[in-house]
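Visitor: Data: model_21.txt, compact mmCIF, C-alpha atoms (C1' of nucleotides).
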# COMPACT_ATOMS: atom_id res chain seq x y z
CA MET A 1 109.61 41.92 55.10
CA LYS A 2 108.21 44.41 52.68
CA ASN A 3 110.61 47.06 51.45
CA ARG A 4 110.58 50.17 53.51
CA ILE A 5 110.83 53.77 52.35
CA ILE A 6 112.91 55.86 54.71
CA PHE A 7 113.46 59.62 54.49
CA HIS A 8 116.35 61.43 56.09
CA ILE A 9 115.71 65.14 56.38
CA ASP A 10 118.76 67.28 57.02
CA VAL A 11 118.60 71.05 57.50
CA ASN A 12 121.22 72.75 55.33
CA SER A 13 123.82 74.59 57.50
CA ALA A 14 121.25 74.38 60.27
CA TYR A 15 122.30 77.03 62.78
CA LEU A 16 123.28 79.45 60.06
CA SER A 17 120.08 78.95 58.06
CA TRP A 18 117.92 79.33 61.13
CA GLU A 19 119.79 82.44 62.13
CA ALA A 20 119.45 83.87 58.63
CA ALA A 21 115.74 83.06 58.44
CA TYR A 22 115.09 84.60 61.84
CA ARG A 23 116.95 87.76 60.96
CA LEU A 24 115.14 88.18 57.65
CA GLN A 25 111.82 87.74 59.40
CA HIS A 26 112.85 90.44 61.87
CA GLY A 27 113.66 93.11 59.37
CA GLU A 28 117.28 92.48 58.50
CA SER A 29 118.03 93.04 54.83
CA VAL A 30 121.12 90.88 54.38
CA ASP A 31 120.65 87.13 54.08
CA LEU A 32 123.56 85.54 55.94
CA ARG A 33 123.36 82.57 53.59
CA THR A 34 124.40 84.74 50.66
CA ILE A 35 127.59 86.15 52.21
CA PRO A 36 130.64 84.54 53.84
CA SER A 37 129.33 84.10 57.37
CA VAL A 38 129.45 81.75 60.32
CA VAL A 39 127.67 81.17 63.59
CA GLY A 40 130.40 81.13 66.20
CA GLY A 41 130.93 81.18 69.97
CA ASP A 42 132.32 83.96 72.11
CA GLU A 43 136.06 84.26 71.70
CA LYS A 44 136.44 86.18 74.94
CA LYS A 45 135.10 83.18 76.78
CA ARG A 46 137.35 80.92 74.72
CA HIS A 47 134.33 79.46 72.98
CA GLY A 48 135.44 80.80 69.63
CA ILE A 49 134.79 78.05 67.13
CA VAL A 50 132.72 77.77 63.96
CA LEU A 51 129.37 76.12 64.74
CA ALA A 52 127.93 76.51 61.24
CA LYS A 53 129.02 78.15 58.03
CA SER A 54 127.34 79.60 54.95
CA ILE A 55 128.10 78.15 51.53
CA PRO A 56 130.11 81.25 50.55
CA ALA A 57 132.15 80.78 53.75
CA LYS A 58 132.70 77.15 52.84
CA GLU A 59 134.20 78.29 49.56
CA TYR A 60 136.96 79.95 51.55
CA GLY A 61 137.82 76.57 53.03
CA ILE A 62 136.20 77.28 56.38
CA VAL A 63 135.10 74.13 58.18
CA THR A 64 132.82 73.49 61.13
CA GLY A 65 134.72 73.20 64.39
CA GLU A 66 137.72 75.29 63.48
CA SER A 67 138.65 78.34 65.49
CA LEU A 68 137.21 81.69 64.50
CA TYR A 69 140.76 82.96 64.50
CA SER A 70 141.73 80.59 61.72
CA ALA A 71 138.43 81.16 59.89
CA ARG A 72 139.19 84.87 59.83
CA GLN A 73 142.62 84.17 58.42
CA LYS A 74 140.96 82.40 55.52
CA CYS A 75 138.37 85.14 55.02
CA PRO A 76 139.17 88.49 56.60
CA ASN A 77 135.74 90.05 56.00
CA LEU A 78 133.89 87.07 57.50
CA THR A 79 130.64 87.93 59.25
CA ILE A 80 130.40 86.20 62.61
CA VAL A 81 127.14 85.96 64.53
CA PRO A 82 126.57 84.46 67.98
CA PRO A 83 124.36 81.37 68.44
CA ASN A 84 120.82 81.45 69.83
CA TYR A 85 119.99 77.91 70.81
CA GLU A 86 116.43 78.60 71.88
CA ARG A 87 115.72 80.06 68.47
CA TYR A 88 117.12 76.97 66.80
CA LEU A 89 115.13 74.64 68.97
CA LYS A 90 111.95 76.50 68.02
CA ALA A 91 112.82 76.24 64.34
CA SER A 92 113.55 72.54 64.77
CA ASN A 93 110.25 72.00 66.56
CA SER A 94 108.33 73.78 63.81
CA MET A 95 109.87 71.44 61.29
CA ILE A 96 108.87 68.42 63.36
CA ASP A 97 105.29 69.71 63.53
CA LEU A 98 105.21 69.98 59.76
CA LEU A 99 106.73 66.53 59.25
CA ASN A 100 104.21 65.00 61.60
CA GLU A 101 101.56 65.72 59.00
CA TYR A 102 103.20 63.17 56.73
CA SER A 103 104.14 60.28 58.99
CA PRO A 104 103.61 59.29 62.61
CA LEU A 105 106.89 57.40 62.60
CA ILE A 106 109.51 60.10 63.07
CA GLN A 107 112.85 59.81 64.79
CA ARG A 108 114.61 62.95 65.83
CA PHE A 109 118.25 62.13 65.35
CA SER A 110 119.63 65.50 66.38
CA ILE A 111 118.42 69.07 66.43
CA ASP A 112 118.67 69.28 62.64
CA GLU A 113 118.25 65.71 61.42
CA VAL A 114 115.17 63.55 61.24
CA PHE A 115 114.42 60.03 60.05
CA MET A 116 110.92 59.33 58.81
CA ASP A 117 109.39 56.00 57.89
CA CYS A 118 107.38 56.76 54.77
CA SER A 119 106.65 53.21 53.67
CA HIS A 120 102.94 54.00 53.56
CA LEU A 121 103.53 56.46 50.70
CA GLU A 122 104.35 53.64 48.30
CA ASP A 123 104.89 55.02 44.80
CA ASN A 124 104.15 58.60 45.83
CA PHE A 125 107.27 59.09 47.88
CA LEU A 126 109.18 61.34 45.49
CA GLN A 127 106.32 63.73 45.02
CA VAL A 128 105.79 63.92 48.76
CA ALA A 129 109.50 64.50 49.41
CA TYR A 130 109.46 67.49 47.09
CA GLU A 131 106.28 68.76 48.67
CA ILE A 132 107.84 68.57 52.15
CA LYS A 133 110.98 70.32 50.99
CA GLU A 134 109.02 73.12 49.30
CA ARG A 135 106.72 73.60 52.26
CA ILE A 136 109.60 73.87 54.69
CA ARG A 137 111.20 76.49 52.50
CA GLU A 138 108.01 78.46 51.94
CA GLU A 139 106.47 78.18 55.38
CA LEU A 140 109.51 78.08 57.63
CA GLY A 141 112.07 79.97 55.58
CA PHE A 142 114.95 77.47 55.43
CA THR A 143 116.03 74.68 53.15
CA VAL A 144 116.61 70.99 53.71
CA ASN A 145 118.06 68.04 51.85
CA ILE A 146 115.99 64.88 51.79
CA GLY A 147 117.64 61.51 51.29
CA ILE A 148 115.47 58.54 50.40
CA SER A 149 116.18 54.84 50.56
CA THR A 150 115.15 51.54 52.10
CA ASN A 151 117.10 52.00 55.31
CA LYS A 152 118.32 54.79 57.54
CA LEU A 153 122.00 54.54 56.66
CA LEU A 154 121.42 54.85 52.93
CA ALA A 155 118.87 57.63 53.41
CA LYS A 156 121.38 59.52 55.50
CA MET A 157 124.14 59.05 52.97
CA ALA A 158 121.78 60.28 50.25
CA SER A 159 120.88 63.48 52.06
CA ASP A 160 124.56 64.33 52.14
CA PHE A 161 124.84 64.41 48.35
CA LYS A 162 124.70 67.75 46.58
CA LYS A 163 123.36 70.61 48.71
CA PRO A 164 121.34 72.69 49.37
CA ASP A 165 117.63 72.27 48.82
CA LYS A 166 117.78 68.88 47.09
CA VAL A 167 116.07 65.50 47.12
CA HIS A 168 118.23 62.46 46.43
CA THR A 169 117.59 58.73 46.34
CA LEU A 170 120.09 56.00 47.12
CA PHE A 171 118.32 52.69 46.67
CA PRO A 172 120.30 49.46 46.94
CA GLY A 173 120.53 49.27 43.16
CA GLU A 174 122.19 52.69 43.10
CA ILE A 175 124.89 52.00 45.69
CA GLU A 176 127.55 51.02 43.22
CA GLU A 177 127.03 54.08 41.05
CA LYS A 178 126.31 56.73 43.70
CA MET A 179 128.06 55.65 46.90
CA TRP A 180 130.99 53.41 46.07
CA PRO A 181 133.03 56.04 44.21
CA LEU A 182 132.96 58.38 47.24
CA PRO A 183 136.02 58.77 49.46
CA VAL A 184 135.87 56.33 52.33
CA GLY A 185 135.87 59.18 54.85
CA LYS A 186 132.41 60.22 53.64
CA LEU A 187 130.86 57.08 55.09
CA PHE A 188 128.92 57.51 58.32
CA MET A 189 131.10 56.38 61.27
CA ILE A 190 134.41 56.81 59.48
CA GLY A 191 136.25 59.70 61.05
CA VAL A 192 139.77 60.97 60.43
CA LYS A 193 141.50 58.24 62.42
CA THR A 194 139.80 55.36 60.65
CA GLN A 195 140.16 57.07 57.31
CA ARG A 196 143.90 57.29 57.88
CA LYS A 197 144.12 53.61 58.83
CA LEU A 198 142.20 52.59 55.73
CA ASN A 199 144.23 54.87 53.47
CA ASP A 200 147.43 53.37 54.89
CA ARG A 201 146.31 50.03 53.53
CA GLY A 202 145.38 51.42 50.15
CA ILE A 203 141.64 51.76 50.74
CA TYR A 204 140.42 55.10 49.46
CA THR A 205 136.83 54.63 48.33
CA ILE A 206 133.71 53.25 49.95
CA GLY A 207 133.62 50.67 47.17
CA GLN A 208 137.07 49.38 48.05
CA LEU A 209 136.02 49.02 51.68
CA ALA A 210 132.83 47.22 50.63
CA LYS A 211 134.76 44.64 48.66
CA LEU A 212 137.16 43.72 51.47
CA ASP A 213 136.87 40.30 52.97
CA ARG A 214 134.49 40.37 55.92
CA GLU A 215 136.71 38.27 58.18
CA TYR A 216 139.69 40.42 57.32
CA ILE A 217 138.08 43.69 58.37
CA CYS A 218 136.58 42.06 61.47
CA SER A 219 139.89 40.82 62.77
CA TRP A 220 141.59 44.08 61.85
CA LEU A 221 139.14 46.71 63.14
CA LYS A 222 136.92 44.58 65.41
CA LYS A 223 133.31 45.62 65.90
CA PRO A 224 133.61 49.09 64.38
CA GLY A 225 135.26 47.40 61.39
CA LEU A 226 132.29 45.13 60.84
CA LEU A 227 129.95 48.08 61.23
CA ILE A 228 131.63 50.21 58.55
CA TRP A 229 131.96 47.21 56.26
CA GLU A 230 128.23 46.61 56.50
CA TYR A 231 127.53 50.30 55.98
CA ALA A 232 129.77 50.32 52.91
CA ASN A 233 127.63 47.51 51.56
CA GLY A 234 124.40 49.32 52.42
CA ILE A 235 123.56 46.84 55.18
CA GLU A 236 121.63 48.42 58.06
CA ASN A 237 118.19 47.58 59.34
CA SER A 238 117.39 49.45 62.53
CA ARG A 239 113.86 50.72 63.02
CA VAL A 240 112.80 54.32 62.82
CA ARG A 241 111.93 54.78 66.44
CA ASN A 242 109.61 57.45 67.69
CA THR A 243 110.19 56.56 71.30
CA PRO A 244 113.33 58.16 72.67
CA TYR A 245 116.41 56.21 73.60
CA PRO A 246 116.83 55.82 77.33
CA VAL A 247 119.36 58.32 78.60
CA LYS A 248 122.70 56.64 79.34
CA SER A 249 124.61 59.49 80.92
CA ILE A 250 124.16 63.07 82.06
CA GLY A 251 127.16 65.32 81.80
CA ASN A 252 128.11 68.95 81.67
CA SER A 253 131.34 70.69 80.99
CA THR A 254 132.81 74.10 80.54
CA THR A 255 135.85 75.65 79.01
CA THR A 256 136.83 78.38 81.43
CA ALA A 257 137.53 81.93 80.25
CA TYR A 258 141.01 81.64 81.78
CA ASP A 259 143.23 78.77 82.87
CA VAL A 260 142.52 77.66 86.42
CA ASP A 261 145.65 77.06 88.45
CA ASN A 262 144.40 76.67 92.00
CA LYS A 263 142.34 74.12 93.84
CA LYS A 264 139.93 76.59 95.38
CA GLU A 265 138.66 77.86 92.05
CA ALA A 266 138.75 74.40 90.53
CA TYR A 267 136.42 73.24 93.31
CA MET A 268 134.04 76.07 92.55
CA PHE A 269 133.82 75.10 88.90
CA LEU A 270 133.24 71.52 89.92
CA LEU A 271 130.46 72.59 92.28
CA ALA A 272 128.80 74.73 89.62
CA ILE A 273 128.84 71.81 87.18
CA ALA A 274 127.75 69.28 89.82
CA GLU A 275 124.74 71.51 90.50
CA MET A 276 123.65 71.23 86.88
CA VAL A 277 124.33 67.52 86.48
CA ALA A 278 122.47 66.67 89.68
CA MET A 279 119.56 68.95 88.88
CA ARG A 280 119.14 67.38 85.46
CA ALA A 281 119.24 63.89 86.94
CA ARG A 282 116.61 64.81 89.55
CA ASN A 283 114.47 66.39 86.87
CA LEU A 284 114.48 63.12 84.92
CA ASP A 285 113.98 61.11 88.09
CA LEU A 286 117.22 59.29 87.51
CA ILE A 287 120.03 58.26 89.82
CA GLY A 288 123.49 57.27 88.71
CA LYS A 289 126.21 54.99 90.07
CA VAL A 290 129.28 56.29 88.30
CA VAL A 291 130.69 59.77 88.61
CA SER A 292 133.47 60.76 86.27
CA VAL A 293 135.52 63.90 86.08
CA SER A 294 137.60 64.85 83.13
CA LEU A 295 140.01 67.73 82.77
CA ARG A 296 141.74 69.37 79.85
CA ASP A 297 144.95 71.22 80.44
CA GLN A 298 146.58 74.20 78.75
CA SER A 299 148.14 72.03 76.10
CA PHE A 300 144.78 70.47 75.28
CA PHE A 301 145.63 67.17 76.89
CA SER A 302 142.56 65.49 78.42
CA TYR A 303 142.52 62.97 81.20
CA SER A 304 139.82 61.51 83.41
CA HIS A 305 139.07 59.53 86.52
CA GLN A 306 135.86 57.86 87.51
CA LYS A 307 134.39 56.29 90.61
CA LYS A 308 131.72 53.71 90.98
CA LEU A 309 129.61 54.47 94.02
CA ASN A 310 128.09 51.87 96.29
CA ILE A 311 124.74 53.56 95.98
CA ALA A 312 123.35 55.39 92.97
CA THR A 313 122.65 59.04 93.59
CA ASN A 314 121.42 62.33 92.21
CA SER A 315 122.49 64.36 95.19
CA THR A 316 124.42 67.53 94.41
CA LYS A 317 126.45 67.01 97.52
CA ILE A 318 127.51 63.46 96.82
CA ILE A 319 128.32 64.18 93.19
CA TYR A 320 130.33 67.21 94.22
CA GLU A 321 132.21 65.44 97.01
CA THR A 322 133.03 62.55 94.70
CA SER A 323 134.19 64.93 92.00
CA LYS A 324 136.50 66.68 94.43
CA LYS A 325 138.08 63.37 95.45
CA LEU A 326 138.57 62.40 91.82
CA PHE A 327 140.04 65.79 91.11
CA ASP A 328 142.53 65.51 93.96
CA GLU A 329 143.51 62.04 92.80
CA MET A 330 144.31 63.11 89.29
CA TRP A 331 145.31 66.75 89.16
CA ASN A 332 149.01 67.26 88.55
CA GLY A 333 149.00 71.01 89.07
CA LYS A 334 149.00 72.01 85.41
CA PRO A 335 146.61 74.89 84.71
CA ILE A 336 143.21 73.66 83.57
CA ARG A 337 141.20 74.85 80.60
CA ARG A 338 138.13 72.65 80.76
CA PHE A 339 136.15 70.80 83.46
CA ASN A 340 133.67 68.02 82.90
CA ILE A 341 131.49 65.95 85.23
CA SER A 342 129.34 63.10 84.03
CA LEU A 343 126.94 60.76 85.81
CA SER A 344 126.34 57.34 84.27
CA GLU A 345 125.01 53.84 84.93
CA LEU A 346 121.68 55.49 85.39
CA SER A 347 118.55 53.92 86.75
CA SER A 348 115.11 55.08 87.65
CA ASN A 349 114.54 56.63 91.03
CA GLU A 350 110.88 55.71 91.31
CA PHE A 351 111.23 53.98 94.60
CA CYS A 352 112.68 55.59 97.59
CA GLN A 353 114.75 52.51 97.90
CA LEU A 354 117.59 53.52 100.10
CA SER A 355 116.04 55.06 103.13
CA LEU A 356 117.65 52.43 105.33
CA LEU A 357 121.13 53.07 104.10
CA GLU A 358 123.49 55.43 105.73
CA ASP A 359 124.29 57.72 102.81
CA TYR A 360 120.71 58.58 102.22
CA ASP A 361 119.86 62.02 103.46
CA GLU A 362 116.20 62.78 103.29
CA ARG A 363 116.65 66.38 104.34
CA GLU A 364 119.10 67.03 101.58
CA GLU A 365 116.84 65.45 99.02
CA LYS A 366 113.93 67.62 100.05
CA LEU A 367 116.09 70.70 100.00
CA ASN A 368 117.43 69.85 96.53
CA LYS A 369 113.93 69.40 95.20
CA ALA A 370 112.76 72.68 96.67
CA ILE A 371 115.72 74.52 95.18
CA ASP A 372 115.16 72.87 91.80
CA GLN A 373 111.58 74.06 91.76
CA ILE A 374 112.54 77.62 92.51
CA ARG A 375 115.27 77.55 89.92
CA TYR A 376 112.98 76.19 87.24
CA LYS A 377 110.36 78.77 88.10
CA TYR A 378 112.45 81.87 88.62
CA GLY A 379 115.67 81.10 86.81
CA TYR A 380 118.87 79.29 87.59
CA ASN A 381 120.34 82.25 89.42
CA SER A 382 117.38 82.92 91.68
CA ILE A 383 119.05 80.85 94.40
CA ILE A 384 122.80 80.60 94.50
CA ARG A 385 125.37 79.42 96.96
CA SER A 386 127.05 82.23 98.82
CA CYS A 387 130.53 81.05 97.90
CA PHE A 388 129.86 82.20 94.36
CA LEU A 389 129.03 85.76 95.39
CA HIS A 390 131.55 88.20 93.93
CA SER A 391 133.59 85.25 92.64
CA GLY A 392 133.03 85.95 88.97
CA ILE A 393 132.19 82.26 88.54
CA LYS A 394 128.73 81.27 87.40
CA PRO A 395 126.98 79.34 90.20
CA ILE A 396 125.45 76.81 87.81
CA ILE A 397 127.22 75.76 84.69
CA GLY A 398 125.92 73.81 81.76
CA GLY A 399 124.25 74.43 78.49
CA VAL A 400 121.41 71.99 78.16
CA MET A 401 118.45 73.52 76.48
CA GLU A 402 114.97 73.64 77.90
CA ASP A 403 112.59 71.16 76.38
CA GLU A 404 115.46 68.79 75.96
CA TYR A 405 114.93 65.64 74.01
CA PRO A 406 117.22 62.65 74.08
CA MET A 407 119.73 62.82 71.31
CA MET A 408 120.95 60.18 69.00
CA SER A 409 122.91 57.13 69.72
CA SER A 410 126.11 57.10 67.73
CA ILE A 411 124.80 54.05 65.96
CA ILE A 412 121.67 54.70 63.98
C1' DT B 1 141.25 86.56 71.61
C1' DC B 2 143.58 79.85 68.27
C1' DT B 3 140.97 75.14 69.21
C1' DG B 4 132.59 74.20 72.44
C1' DG B 5 129.44 71.14 74.46
C1' DG B 6 126.29 67.38 74.34
C1' DG B 7 126.35 62.49 73.77
C1' DT B 8 127.17 56.73 72.66
C1' DC B 9 129.91 52.80 72.12
C1' DC B 10 134.17 50.00 72.17
C1' DT B 11 138.69 48.22 73.77
C1' DA B 12 142.41 46.93 76.62
C1' DG B 13 144.60 46.02 80.88
C1' DG B 14 144.58 44.88 85.71
C1' DA B 15 142.29 42.92 89.80
C1' DC B 16 140.09 39.19 91.46
C1' DC B 17 137.77 34.70 91.61
C1' DC B 18 137.29 29.78 90.69
C1' DT C 1 158.13 24.88 91.59
C1' DC C 2 158.54 28.24 85.85
C1' DT C 3 153.80 30.23 84.80
C1' DG C 4 146.42 27.26 82.99
C1' DG C 5 142.54 29.69 81.54
C1' DG C 6 137.97 31.40 81.77
C1' DG C 7 134.89 34.85 83.58
C1' DT C 8 133.51 39.37 85.59
C1' DC C 9 134.18 43.90 87.26
C1' DC C 10 136.41 48.26 87.17
C1' DT C 11 138.94 51.94 85.05
C1' DA C 12 141.18 54.93 81.48
C1' DG C 13 141.26 56.23 77.05
C1' DG C 14 139.85 56.67 72.38
C1' DA C 15 136.76 56.57 68.37
C1' DC C 16 132.68 58.44 66.43
C1' DC C 17 128.34 61.47 65.93
C1' DC C 18 125.79 66.33 65.71
As C-alpha cells, how would this structure be written, given the file I've shared?
Guide:
Amino acid sequence: MKNRIIFHIDVNSAYLSWEAAYRLQHGESVDLRTIPSVVGGDEKKRHGIVLAKSIPAKEYGIVTGESLYSARQKCPNLTIVPPNYERYLKASNSMIDLLNEYSPLIQRFSIDEVFMDCSHLEDNFLQVAYEIKERIREELGFTVNIGISTNKLLAKMASDFKKPDKVHTLFPGEIEEKMWPLPVGKLFMIGVKTQRKLNDRGIYTIGQLAKLDREYICSWLKKPGLLIWEYANGIENSRVRNTPYPVKSIGNSTTTAYDVDNKKEAYMFLLAIAEMVAMRARNLDLIGKVVSVSLRDQSFFSYSHQKKLNIATNSTKIIYETSKKLFDEMWNGKPIRRFNISLSELSSNEFCQLSLLEDYDEREEKLNKAIDQIRYKYGYNSIIRSCFLHSGIKPIIGGVMEDEYPMMSSII
DNA sequence: TCTGGGGTCCTAGGACCC
DNA sequence: TCTGGGGTCCTAGGACCC
C-alpha cells in the first residue's frame, strides 16, 4: 500500500477558545485566552469542574477536570465562564465545513478533533497544513494544532506537541527522536493507572515501552498491553472513516444538586433520565436489550446493576420499570449523588417485529412517538408528567446536544 | 459551593451445558 | 467417589478517551 498522509486537527483549549472567539466577536474587549480563565460548570448544581483552561490558567497548575474550588485555590483571581455547548457545536461545524474543502475523507473524532486523509496532497501537504491553520485562525477566530504522519495514531501524537497554533510532523523516521523520549503517560491510551503500573516496573518513557518484548507485555497487560506496545512503536493502521460508527449504547446521567436519600425522589430522577434515553433511542430508530443503572454515593463510590431483557425495547415505560427494579436490587440506602441509565445491545427497529409478543404495547408506542414529536417541536418541557409539577426536579434529564453525531470509539 | 457527562472496550468470575 | 475441561452467556467493575 502506498504511504498515506494523515492530518490530525486539534482545536487548542477548544471550549475556552470558542468562548473567547465568540465573546470577542460580540463586543467583549478582553480575550479570555490572554488571562487566567476557565470554562466551568455550575457549582450550585454540583457541576463545578474545569472543562477547559487558558494557557495562563495552565501556568497556575490548573488541569482539566479538577474542581473549580481547587482551581480557585491555585489562582484566586481566576475568571470562570459557563459553557455554551450549542455555540461550540456551531464553531466545530464551521471548522468541518472549512476542512471539507481540502479532503472528502474526514473523520470527526470528537467535537474538537478531526482526522483527515490527505494522501492526495502528496508533496504539498505541509503548505496545505499551514494554509488550513491560518484560514481557521483568520476566518473562524481560533487556533488549532495540526499533526501530520502516515497513520492516525502518529498524527494524533504529533498534534499534541508544542501548542498553540502549530504544525508538527511525526513520520516513522522521527519516532525515535520525537516520541520515544516522552513520558509513557503521554501515549494515547495510557492513563494514570497504566502509567503507574509501567513506572512500577521501571518503564518511564515511550521508548522503553516500545523496546519491551512483545510476548512479555502481552502476557502482562493482555490486549490493552499489546495495543500500547504497538502504539509505542508507531504501529496503527485503521482507516480514516467518514461514515459514523454504529452507536453501541445510549445513556444519560445526572449529578443531582443535593444528595438523594429517599426512594420516591430517586424514582423521579430515574424516570426523568429514562425519558431522555428512550426518546433518543426512538429518535435513532433503535431498540436495546440491556438496561443498566449506575449510582454514585456521597463518598463517590459507584456501583451498577444491569438486566438483559427478553425483548429489546425503546419504551420509556419498560426502561423506567426495569431501572426501578435494578435500583431496588442494589440500593443500600446511602444518599445518592449521581444517577445513570444506559441502554445497550442496540439493534435497528425497522421492523415492527414483536407485535405478537405480550410486552409489546402498540398504544404506548404511538403515544411515545406523539410526545416525542411535540417535544422536538416545542421543547422538552412542552409536555411533562404531572408528578414532576412543583417537584423541583427536571422532567427530562440529559445533556445530549441537538445535531448529535456519533462520537469516537476509544480505539482510533 | 470540592470532584460533569458522553462514550467504547476489556476482563474476570459464576452459571450452565455437554 | 476427591474434583476434567471446553464453550457460551450474563453480570459487575474497571480502564481509557474527549
Visitor: Looking at all atoms listed in the file, which of A:Arg4, A:His26, A:His305, A:Arg214 is the one that sits closest to Asn151 of chain A?
Guide: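 Using all atoms listed in the file, Asn151 of chain A sits closest to A:Arg4.
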Visitor: For chain B versus chain A, which residues have an atom no more than 6 Å away, and what is each residue's nearest atom pair and distance in Å rounded to one decimal, using only C-alpha atoms (C1' of nucleotides), chain-then-number order, as JSON lines?
Guide:
{"residue": "B:DT1", "atom": "C1'", "partner": "A:Glu43", "partner_atom": "CA", "distance": 5.7}
{"residue": "B:DC2", "atom": "C1'", "partner": "A:Tyr69", "partner_atom": "CA", "distance": 5.6}
{"residue": "B:DT3", "atom": "C1'", "partner": "A:Ser67", "partner_atom": "CA", "distance": 5.4}
{"residue": "B:DG4", "atom": "C1'", "partner": "A:His47", "partner_atom": "CA", "distance": 5.6}
{"residue": "B:DT8", "atom": "C1'", "partner": "A:Ser410", "partner_atom": "CA", "distance": 5.1}
Visitor: What is the distance between atom CA of Thr34 of chain A and atom C1' of DC18 of chain C, in Å to one decimal?
Guide: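 Value for the atom CA of Thr34 of chain A-atom C1' of DC18 of chain C distance: 23.8 Å.
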Visitor: Quick one: distance from atom CA of Gly185 of chain A to atom CA of Met116 of chain A in Å, one decimal?
Guide: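 Atom CA of Met116 of chain A lies at a distance of 25.3 Å from atom CA of Gly185 of chain A.
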Visitor: Expressed in Å to a single decimal, how great is the separation between atom CA of Gly333 of chain A and atom CA of Ile397 of chain A?
Guide: 22.7 Å
Visitor: Return the single residue from A:Thr143, A:Asn314, A:Asn77, A:Asn12 that is closest to Tyr60 of chain A, with distances computed using all atoms listed in the file.
Guide: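 The answer is A:Asn77, which sits nearest to Tyr60 of chain A.
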Visitor: What's around DC17 of chain B at 12 Å? Count only C-alpha atoms (C1' of nucleotides), leave out sequence neighbours fewer than 2 positions away in its own chain, and write the answer as a PDB file with C-alpha atoms (C1' of nucleotides), in the coordinates of the input.
Guide:
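Saved result, out_8.pdb, follows:
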ATOM      1  C1'  DA B  15     142.290  42.920  89.800  1.00  0.00           C
TER       2       DA B  15
ATOM      3  C1'  DG C   6     137.970  31.400  81.770  1.00  0.00           C
ATOM      4  C1'  DG C   7     134.890  34.850  83.580  1.00  0.00           C
ATOM      5  C1'  DT C   8     133.510  39.370  85.590  1.00  0.00           C
ATOM      6  C1'  DC C   9     134.180  43.900  87.260  1.00  0.00           C
TER       7       DC C   9
END
Visitor: Do you know which residues are at most 8 Å from Val293 of chain A counting all atoms listed in the file, after dropping those on the same chain fewer than 6 positions away, and could you put them as a PyMOL selection string?
Guide: chain A and resi 304-306+323+326-327+339-342
Visitor: Which centre and which edge lengths, in Å to one decimal, describe the axis-aligned box that holds all listed atoms of segment 18-23 of chain A after 5 Å is added on each side, as lines of an AutoDock Vina configuration file?
Guide:
center_x = 117.4
center_y = 83.5
center_z = 60.3
size_x = 14.7
size_y = 18.4
size_z = 13.7
Visitor: Reconstruct N, CA and C atoms of segment 17-29 of chain A from the incomplete input and present them as an mmCIF file, in the frame of the given file.
Guide:
data_model
loop_
_atom_site.group_PDB
_atom_site.id
_atom_site.type_symbol
_atom_site.label_atom_id
_atom_site.label_comp_id
_atom_site.auth_asym_id
_atom_site.auth_seq_id
_atom_site.Cartn_x
_atom_site.Cartn_y
_atom_site.Cartn_z
ATOM 1 N N SER A 17 121.340 78.735 58.770
ATOM 2 C CA SER A 17 120.080 78.950 58.060
ATOM 3 C C SER A 17 119.013 79.485 59.001
ATOM 4 N N TRP A 18 118.944 78.890 60.164
ATOM 5 C CA TRP A 18 117.920 79.330 61.130
ATOM 6 C C TRP A 18 118.177 80.767 61.552
ATOM 7 N N GLU A 19 119.429 81.080 61.754
ATOM 8 C CA GLU A 19 119.790 82.440 62.130
ATOM 9 C C GLU A 19 119.412 83.403 61.014
ATOM 10 N N ALA A 20 119.739 83.024 59.791
ATOM 11 C CA ALA A 20 119.450 83.870 58.630
ATOM 12 C C ALA A 20 117.938 84.069 58.484
ATOM 13 N N ALA A 21 117.192 82.972 58.595
ATOM 14 C CA ALA A 21 115.740 83.060 58.440
ATOM 15 C C ALA A 21 115.143 83.957 59.519
ATOM 16 N N TYR A 22 115.600 83.778 60.740
ATOM 17 C CA TYR A 22 115.090 84.600 61.840
ATOM 18 C C TYR A 22 115.353 86.067 61.585
ATOM 19 N N ARG A 23 116.573 86.357 61.161
ATOM 20 C CA ARG A 23 116.950 87.760 60.960
ATOM 21 C C ARG A 23 116.154 88.393 59.814
ATOM 22 N N LEU A 24 115.931 87.638 58.771
ATOM 23 C CA LEU A 24 115.140 88.180 57.650
ATOM 24 C C LEU A 24 113.714 88.481 58.121
ATOM 25 N N GLN A 25 113.180 87.545 58.910
ATOM 26 C CA GLN A 25 111.820 87.740 59.400
ATOM 27 C C GLN A 25 111.722 88.906 60.374
ATOM 28 N N HIS A 26 112.862 89.321 60.913
ATOM 29 C CA HIS A 26 112.850 90.440 61.870
ATOM 30 C C HIS A 26 113.490 91.682 61.290
ATOM 31 N N GLY A 27 113.354 91.831 59.985
ATOM 32 C CA GLY A 27 113.660 93.110 59.370
ATOM 33 C C GLY A 27 115.073 93.307 58.863
ATOM 34 N N GLU A 28 115.931 92.294 59.029
ATOM 35 C CA GLU A 28 117.280 92.480 58.500
ATOM 36 C C GLU A 28 117.245 92.317 56.980
ATOM 37 N N SER A 29 118.094 93.086 56.291
ATOM 38 C CA SER A 29 118.030 93.040 54.830
ATOM 39 C C SER A 29 119.017 92.036 54.233
#
